[in-house]
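Input: a single structure, listed below in structure tokens.
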Amino acid sequence: MVLVLFVITLIAAAMLGVVYNVTKEPIEAAKTAKTTNALAQAMPKFDNNPATDTVTCMIDGMPIKVYKGTLGGEVSGYAVETMTKNGFGGEIKMMVGFKPDGEIVNIEVLQHGETPGLGSKMAEPGNVLLVSFQGKNPKDLKMSVRKDGGDIDVITASTISSRAYVDAVERGYKAFQNIALGGAAVNEQHAAQKEADTCKVVVVNEETGVYYDVEASAQGLVGPIRLVVRFSEDGIINDITVVEQNETEGYGARITDPNNAILASIKGEKACDLKWSFKSDGGSVDGISGATVTSKAYMQAVQSAYTAYQSYILKEQNNE
Amino acid sequence: MSKLQILTKGIIKENPSFVLLLGMCPTLGTTTSAINGMGMGIATMFVLVMSNIVISLVKNLIPGKVRIPAYIVIIATLVTILQLVMEAFVPALYATLGVFIPLIVVNCIILGRAEAFASKNGVGDSALDGLGIGLGFTMSLTLLGAVREMLGAGSVFGWKFVDGDGILLFVLAPGAFIALGYLLVIFNKLTSKIR
């Protein structure tokens, strides 16, 4: 009796193993095809493989993936795989395509659990939400539904779903701004990513909460600058301590001052909302006057630290 | 019972949804549109035919006391294989039915046919029985899905014949119960003579 049951389960397990191995590749291929298809639908024309040119950014604790498309070597547009947790039926994931200037090309809903016939309309082509966004630049739009005083039409009887949709698009736009408009081109982010791979992340539990101390370095005017950036759990820059520097006394050396201009401009800010360039170049970081090279290096090191922090959090989430 | 009778009894006389009232969870849950109902029906039919064949083949090897766990292992294996194959080769249908596929394991029609038919009959008859019951299940799910889609969204198989929205209630869960109730009445009225 026991033997028969054992043999049956053994055969069943062996068969499942075989089928799993046979279907593994097609399943992967189908998933990739889905992403590529969504990219082709959402983005302006491209001739590279955007799936290999991506940067992931943490916004509100959610990983948002930005794909870059190029046509003949020129950047043709970006697609942002964004999400929201505010849907009527849980998470909604969508792909938002942007032209390089921020105009929304198209929005493809990848996954949703909204009510069939009501909220599910958000996934249909030509629905009112999509029409409200398509061909417009979010910087000219009030990003909330008309009911809340914004510019976006809602799907009748689906206010919650519509609000969630707007929320996801807004988050996607933030990621787009951060990557595409923030001065830091995707390539520079890649460099930062490489740099970040060598950074050390230390988790600190204190009474006020959990902090992540990330050590990073960059080449300053005179030798390397090493610093430790302390992030709080939601990606806010809590503090920065310079560990090593040999910059010019009175100029670059001011980075060790706890009230220096750079630190003051980014302290307490959410790193993902920051544009990584100087205010004079349209970014959100102040420089120390008379010490541009040092300030740039300092900014680069903080940026590397942030990338390291992001990948650390992502890894941690994947492990969960 | 002739071969033809075995095949056709599942469609009217022993229709699983409208007469036996088995497998109500997928019946009510997946029939938001005709195509979803049909997809669920075909997936269930596949598992039903396969499980009937396998179980009638091994029926003499399984001791009576452990037959139920043995059947469930067989059915669960078949369903998992189906799930993997669907995910690999028909990802669009898998995306719609994905959450309901594992539920086929506990669909009482399948265990019911294994216990009531496949464990007592030969391979050929069991396969026919699975096919017949599966066809009946597919037809009733497609019908229920079509009615709900027609009333709820004004379309059938995605083809829109009324401009604008339908009665949304029929796409939502309560509509499933209402539509099923009326279909039961109509079906039993029409087929009372045949049975």
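Residue numbering restarts at 1 in every chain; chains get A, B, ... in the order shown in the structure tokens, and ligands count up from 1 in that same order.
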
Please run DSSP on the backbone and report, as number ranges by chain, all residues within region 145-288 of chain A that come out as strand (DSSP E).
-> A: 200-206, 209-219, 224-232, 237-244

Limited to N, CA, C and O atoms, could you put the picked residues into a file as a compact mmCIF listing (two decimals), in the first residue's frame?
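Below you can see part_34.txt, which holds the result:
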# COMPACT_ATOMS: atom_id res chain seq x y z
N LYS A 200 30.35 49.36 0.22
CA LYS A 200 29.98 48.51 1.33
C LYS A 200 28.72 49.06 1.99
O LYS A 200 28.63 50.28 2.23
N VAL A 201 27.74 48.21 2.23
CA VAL A 201 26.50 48.66 2.87
C VAL A 201 26.42 48.03 4.27
O VAL A 201 26.57 46.83 4.41
N VAL A 202 26.22 48.88 5.27
CA VAL A 202 26.08 48.38 6.64
C VAL A 202 24.71 48.78 7.16
O VAL A 202 24.32 49.95 7.07
N VAL A 203 23.97 47.80 7.66
CA VAL A 203 22.65 48.09 8.21
C VAL A 203 22.80 48.44 9.69
O VAL A 203 23.44 47.71 10.44
N VAL A 204 22.26 49.59 10.09
CA VAL A 204 22.37 50.04 11.48
C VAL A 204 20.97 50.12 12.07
O VAL A 204 20.11 50.81 11.55
N ASN A 205 20.76 49.41 13.15
CA ASN A 205 19.48 49.51 13.84
C ASN A 205 19.61 50.47 15.00
O ASN A 205 20.39 50.25 15.91
N GLU A 206 18.86 51.57 14.92
CA GLU A 206 18.87 52.50 16.03
C GLU A 206 17.47 52.67 16.56
O GLU A 206 16.52 52.22 15.93
N GLY A 209 15.01 54.06 14.15
CA GLY A 209 14.67 53.31 12.95
C GLY A 209 15.87 52.60 12.37
O GLY A 209 16.95 52.58 12.96
N VAL A 210 15.67 52.00 11.19
CA VAL A 210 16.74 51.27 10.53
C VAL A 210 17.45 52.22 9.55
O VAL A 210 16.81 52.95 8.82
N TYR A 211 18.79 52.22 9.57
CA TYR A 211 19.55 53.06 8.65
C TYR A 211 20.53 52.21 7.87
O TYR A 211 20.91 51.12 8.29
N TYR A 212 20.88 52.70 6.69
CA TYR A 212 21.84 52.00 5.85
C TYR A 212 23.04 52.91 5.66
O TYR A 212 22.91 53.99 5.07
N ASP A 213 24.19 52.51 6.15
CA ASP A 213 25.41 53.28 5.96
C ASP A 213 26.13 52.74 4.74
O ASP A 213 26.51 51.58 4.70
N VAL A 214 26.30 53.58 3.73
CA VAL A 214 26.95 53.14 2.51
C VAL A 214 28.24 53.92 2.31
O VAL A 214 28.26 55.14 2.33
N GLU A 215 29.34 53.16 2.17
CA GLU A 215 30.63 53.81 1.95
C GLU A 215 30.88 53.89 0.46
O GLU A 215 30.70 52.91 -0.26
N ALA A 216 31.28 55.07 -0.03
CA ALA A 216 31.55 55.22 -1.46
C ALA A 216 32.72 56.17 -1.64
O ALA A 216 33.07 56.91 -0.72
N SER A 217 33.32 56.14 -2.82
CA SER A 217 34.44 57.05 -3.04
C SER A 217 34.42 57.56 -4.47
O SER A 217 33.75 57.00 -5.34
N ALA A 218 35.14 58.65 -4.72
CA ALA A 218 35.28 59.21 -6.06
C ALA A 218 36.60 59.97 -6.10
O ALA A 218 37.15 60.34 -5.05
N GLN A 219 37.10 60.18 -7.31
CA GLN A 219 38.37 60.86 -7.46
C GLN A 219 38.18 62.38 -7.29
O GLN A 219 37.46 63.00 -8.06
N PRO A 224 41.66 60.50 -3.69
CA PRO A 224 40.27 60.07 -3.56
C PRO A 224 39.54 60.74 -2.40
O PRO A 224 40.16 61.14 -1.42
N ILE A 225 38.22 60.88 -2.59
CA ILE A 225 37.36 61.33 -1.50
C ILE A 225 36.54 60.12 -1.08
O ILE A 225 35.88 59.51 -1.93
N ARG A 226 36.61 59.76 0.18
CA ARG A 226 35.77 58.66 0.66
C ARG A 226 34.76 59.20 1.64
O ARG A 226 35.11 60.00 2.52
N LEU A 227 33.52 58.76 1.49
CA LEU A 227 32.52 59.23 2.44
C LEU A 227 31.50 58.13 2.75
O LEU A 227 31.41 57.14 2.03
N VAL A 228 30.80 58.33 3.85
CA VAL A 228 29.75 57.38 4.25
C VAL A 228 28.41 58.11 4.22
O VAL A 228 28.26 59.16 4.85
N VAL A 229 27.50 57.59 3.42
CA VAL A 229 26.17 58.20 3.34
C VAL A 229 25.21 57.35 4.15
O VAL A 229 25.18 56.13 4.00
N ARG A 230 24.44 58.00 4.99
CA ARG A 230 23.46 57.27 5.79
C ARG A 230 22.07 57.49 5.20
O ARG A 230 21.59 58.61 5.12
N PHE A 231 21.46 56.40 4.72
CA PHE A 231 20.10 56.48 4.18
C PHE A 231 19.13 55.92 5.21
O PHE A 231 19.44 54.97 5.91
N SER A 232 17.93 56.53 5.29
CA SER A 232 16.90 55.92 6.11
C SER A 232 16.14 54.94 5.22
O SER A 232 16.39 54.84 4.03
N ILE A 237 18.22 60.80 2.33
CA ILE A 237 19.60 61.00 2.74
C ILE A 237 19.59 61.60 4.14
O ILE A 237 19.15 62.74 4.33
N ASN A 238 20.05 60.82 5.10
CA ASN A 238 19.96 61.25 6.49
C ASN A 238 21.17 62.07 6.89
O ASN A 238 21.04 63.10 7.55
N ASP A 239 22.36 61.61 6.50
CA ASP A 239 23.58 62.33 6.82
C ASP A 239 24.71 61.82 5.95
O ASP A 239 24.64 60.72 5.41
N ILE A 240 25.75 62.65 5.81
CA ILE A 240 26.93 62.24 5.06
C ILE A 240 28.17 62.60 5.86
O ILE A 240 28.30 63.72 6.35
N THR A 241 29.06 61.64 6.06
CA THR A 241 30.30 61.89 6.78
C THR A 241 31.47 61.64 5.83
O THR A 241 31.52 60.58 5.21
N VAL A 242 32.37 62.60 5.73
CA VAL A 242 33.56 62.39 4.90
C VAL A 242 34.60 61.64 5.73
O VAL A 242 34.94 62.05 6.83
N VAL A 243 35.11 60.54 5.20
CA VAL A 243 36.06 59.71 5.93
C VAL A 243 37.50 60.06 5.54
O VAL A 243 38.39 60.07 6.37
N GLU A 244 37.67 60.33 4.25
CA GLU A 244 39.04 60.59 3.78
C GLU A 244 39.01 61.63 2.69
O GLU A 244 38.15 61.58 1.80

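Distance criterion 7 Å to chain A, applied with only C-alpha atoms, yields Ile62, Pro63, Val66, Ala70, Val73, Ile74, Thr77, Ile81, Leu84, Val85, Glu87, Ala88, Phe89, Pro91, Ala153, Leu168 and Val171 of chain B on chain B.
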
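For the residues B:Ala146, B:Ala116, B:Met38, B:Ile75, ranking by smallest atom-to-atom distance to Lys160 (chain B) using only C-alpha atoms places B:Ala146 first.
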
re CA of Gly64 (chain B) and CA of Ser2 (chain B): distance 28.0 Å

Residue contacts of Ala118 (chain B) (12 Å, only C-alpha atoms) excluding same-chain residues fewer than 2 positions away, as a JSON list (two decimals) with N, CA and C atoms, in the first residue's frame:
[["chain", "number", "residue", "atom", "x", "y", "z"],
["B", 48, "LEU", "N", -9.46, 16.03, -17.57],
["B", 48, "LEU", "CA", -10.45, 14.97, -17.32],
["B", 48, "LEU", "C", -10.16, 13.74, -18.18],
["B", 49, "VAL", "N", -9.90, 13.94, -19.47],
["B", 49, "VAL", "CA", -9.62, 12.82, -20.37],
["B", 49, "VAL", "C", -8.33, 12.12, -19.92],
["B", 50, "MET", "N", -7.29, 12.92, -19.67],
["B", 50, "MET", "CA", -6.01, 12.34, -19.28],
["B", 50, "MET", "C", -6.12, 11.57, -17.97],
["B", 51, "SER", "N", -6.80, 12.18, -16.97],
["B", 51, "SER", "CA", -6.87, 11.52, -15.66],
["B", 51, "SER", "C", -7.71, 10.25, -15.77],
["B", 52, "ASN", "N", -8.79, 10.28, -16.57],
["B", 52, "ASN", "CA", -9.59, 9.07, -16.75],
["B", 52, "ASN", "C", -8.76, 7.96, -17.38],
["B", 53, "ILE", "N", -7.96, 8.30, -18.39],
["B", 53, "ILE", "CA", -7.13, 7.28, -19.05],
["B", 53, "ILE", "C", -6.13, 6.70, -18.06],
["B", 54, "VAL", "N", -5.38, 7.59, -17.38],
["B", 54, "VAL", "CA", -4.34, 7.12, -16.47],
["B", 54, "VAL", "C", -4.94, 6.28, -15.35],
["B", 55, "ILE", "N", -6.03, 6.78, -14.79],
["B", 55, "ILE", "CA", -6.60, 6.07, -13.63],
["B", 55, "ILE", "C", -7.17, 4.71, -14.04],
["B", 56, "SER", "N", -7.81, 4.64, -15.22],
["B", 56, "SER", "CA", -8.34, 3.33, -15.63],
["B", 56, "SER", "C", -7.19, 2.37, -15.94],
["B", 57, "LEU", "N", -6.04, 2.90, -16.35],
["B", 57, "LEU", "CA", -4.88, 2.03, -16.60],
["B", 57, "LEU", "C", -4.31, 1.45, -15.32],
["B", 58, "VAL", "N", -4.25, 2.26, -14.28],
["B", 58, "VAL", "CA", -3.59, 1.80, -13.05],
["B", 58, "VAL", "C", -4.57, 1.34, -11.98],
["B", 59, "LYS", "N", -5.87, 1.27, -12.34],
["B", 59, "LYS", "CA", -6.88, 1.01, -11.30],
["B", 59, "LYS", "C", -6.66, -0.30, -10.54],
["B", 60, "ASN", "N", -6.13, -1.32, -11.26],
["B", 60, "ASN", "CA", -5.94, -2.61, -10.59],
["B", 60, "ASN", "C", -4.69, -2.66, -9.72],
["B", 71, "TYR", "N", -5.31, 9.02, -6.65],
["B", 71, "TYR", "CA", -5.99, 9.76, -7.72],
["B", 71, "TYR", "C", -5.60, 11.23, -7.66],
["B", 110, "ILE", "N", -13.65, 15.98, -11.71],
["B", 110, "ILE", "CA", -12.54, 15.12, -12.11],
["B", 110, "ILE", "C", -12.38, 13.95, -11.16],
["B", 111, "LEU", "N", -12.36, 14.26, -9.85],
["B", 111, "LEU", "CA", -12.27, 13.18, -8.87],
["B", 111, "LEU", "C", -13.53, 12.31, -8.96],
["B", 112, "GLY", "N", -14.66, 12.95, -9.19],
["B", 112, "GLY", "CA", -15.93, 12.24, -9.29],
["B", 112, "GLY", "C", -15.91, 11.23, -10.42],
["B", 113, "ARG", "N", -15.45, 11.63, -11.59],
["B", 113, "ARG", "CA", -15.41, 10.71, -12.74],
["B", 113, "ARG", "C", -14.37, 9.62, -12.50],
["B", 114, "ALA", "N", -13.26, 9.96, -11.85],
["B", 114, "ALA", "CA", -12.24, 8.96, -11.56],
["B", 114, "ALA", "C", -12.84, 7.86, -10.67],
["B", 115, "GLU", "N", -13.57, 8.30, -9.65],
["B", 115, "GLU", "CA", -14.14, 7.37, -8.67],
["B", 115, "GLU", "C", -15.33, 6.61, -9.27],
["B", 116, "ALA", "N", -16.20, 7.33, -9.97],
["B", 116, "ALA", "CA", -17.45, 6.73, -10.41],
["B", 116, "ALA", "C", -17.31, 5.98, -11.73],
["B", 120, "LYS", "N", -13.79, 1.83, -12.69],
["B", 120, "LYS", "CA", -14.61, 0.63, -12.89],
["B", 120, "LYS", "C", -14.66, 0.19, -14.35],
["B", 121, "ASN", "N", -14.14, 1.03, -15.27],
["B", 121, "ASN", "CA", -14.27, 0.74, -16.69],
["B", 121, "ASN", "C", -12.92, 0.72, -17.40],
["B", 122, "GLY", "N", -12.95, 0.25, -18.65],
["B", 122, "GLY", "CA", -11.72, 0.13, -19.44],
["B", 122, "GLY", "C", -11.21, 1.48, -19.92],
["B", 123, "VAL", "N", -10.03, 1.45, -20.55],
["B", 123, "VAL", "CA", -9.37, 2.68, -20.96],
["B", 123, "VAL", "C", -10.20, 3.44, -22.01],
["B", 124, "GLY", "N", -10.66, 2.72, -23.05],
["B", 124, "GLY", "CA", -11.40, 3.36, -24.14],
["B", 124, "GLY", "C", -12.67, 4.04, -23.63],
["B", 125, "ASP", "N", -13.46, 3.31, -22.85],
["B", 125, "ASP", "CA", -14.70, 3.87, -22.32],
["B", 125, "ASP", "C", -14.42, 5.06, -21.40],
["B", 126, "SER", "N", -13.34, 4.95, -20.60],
["B", 126, "SER", "CA", -13.01, 6.04, -19.67],
["B", 126, "SER", "C", -12.63, 7.30, -20.43],
["B", 127, "ALA", "N", -11.87, 7.12, -21.51],
["B", 127, "ALA", "CA", -11.48, 8.28, -22.31],
["B", 127, "ALA", "C", -12.72, 8.93, -22.91],
["B", 128, "LEU", "N", -13.64, 8.09, -23.43],
["B", 128, "LEU", "CA", -14.89, 8.63, -24.00],
["B", 128, "LEU", "C", -15.71, 9.36, -22.94],
["B", 129, "ASP", "N", -15.78, 8.74, -21.75],
["B", 129, "ASP", "CA", -16.53, 9.37, -20.65],
["B", 129, "ASP", "C", -15.93, 10.74, -20.32],
["B", 130, "GLY", "N", -14.58, 10.79, -20.22],
["B", 130, "GLY", "CA", -13.91, 12.06, -19.93],
["B", 130, "GLY", "C", -14.20, 13.09, -20.99]]

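If you look at CA of Glu114 (chain A) and CA of Gly152 (chain B), they are 15.8 Å away from each other.
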
Nearest candidate to Glu14 (chain B) (options B:Ala176, B:Val147, B:Ala34, B:Ile109; using only C-alpha atoms) =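 Nearest to Glu14 (chain B): B:Ile109.
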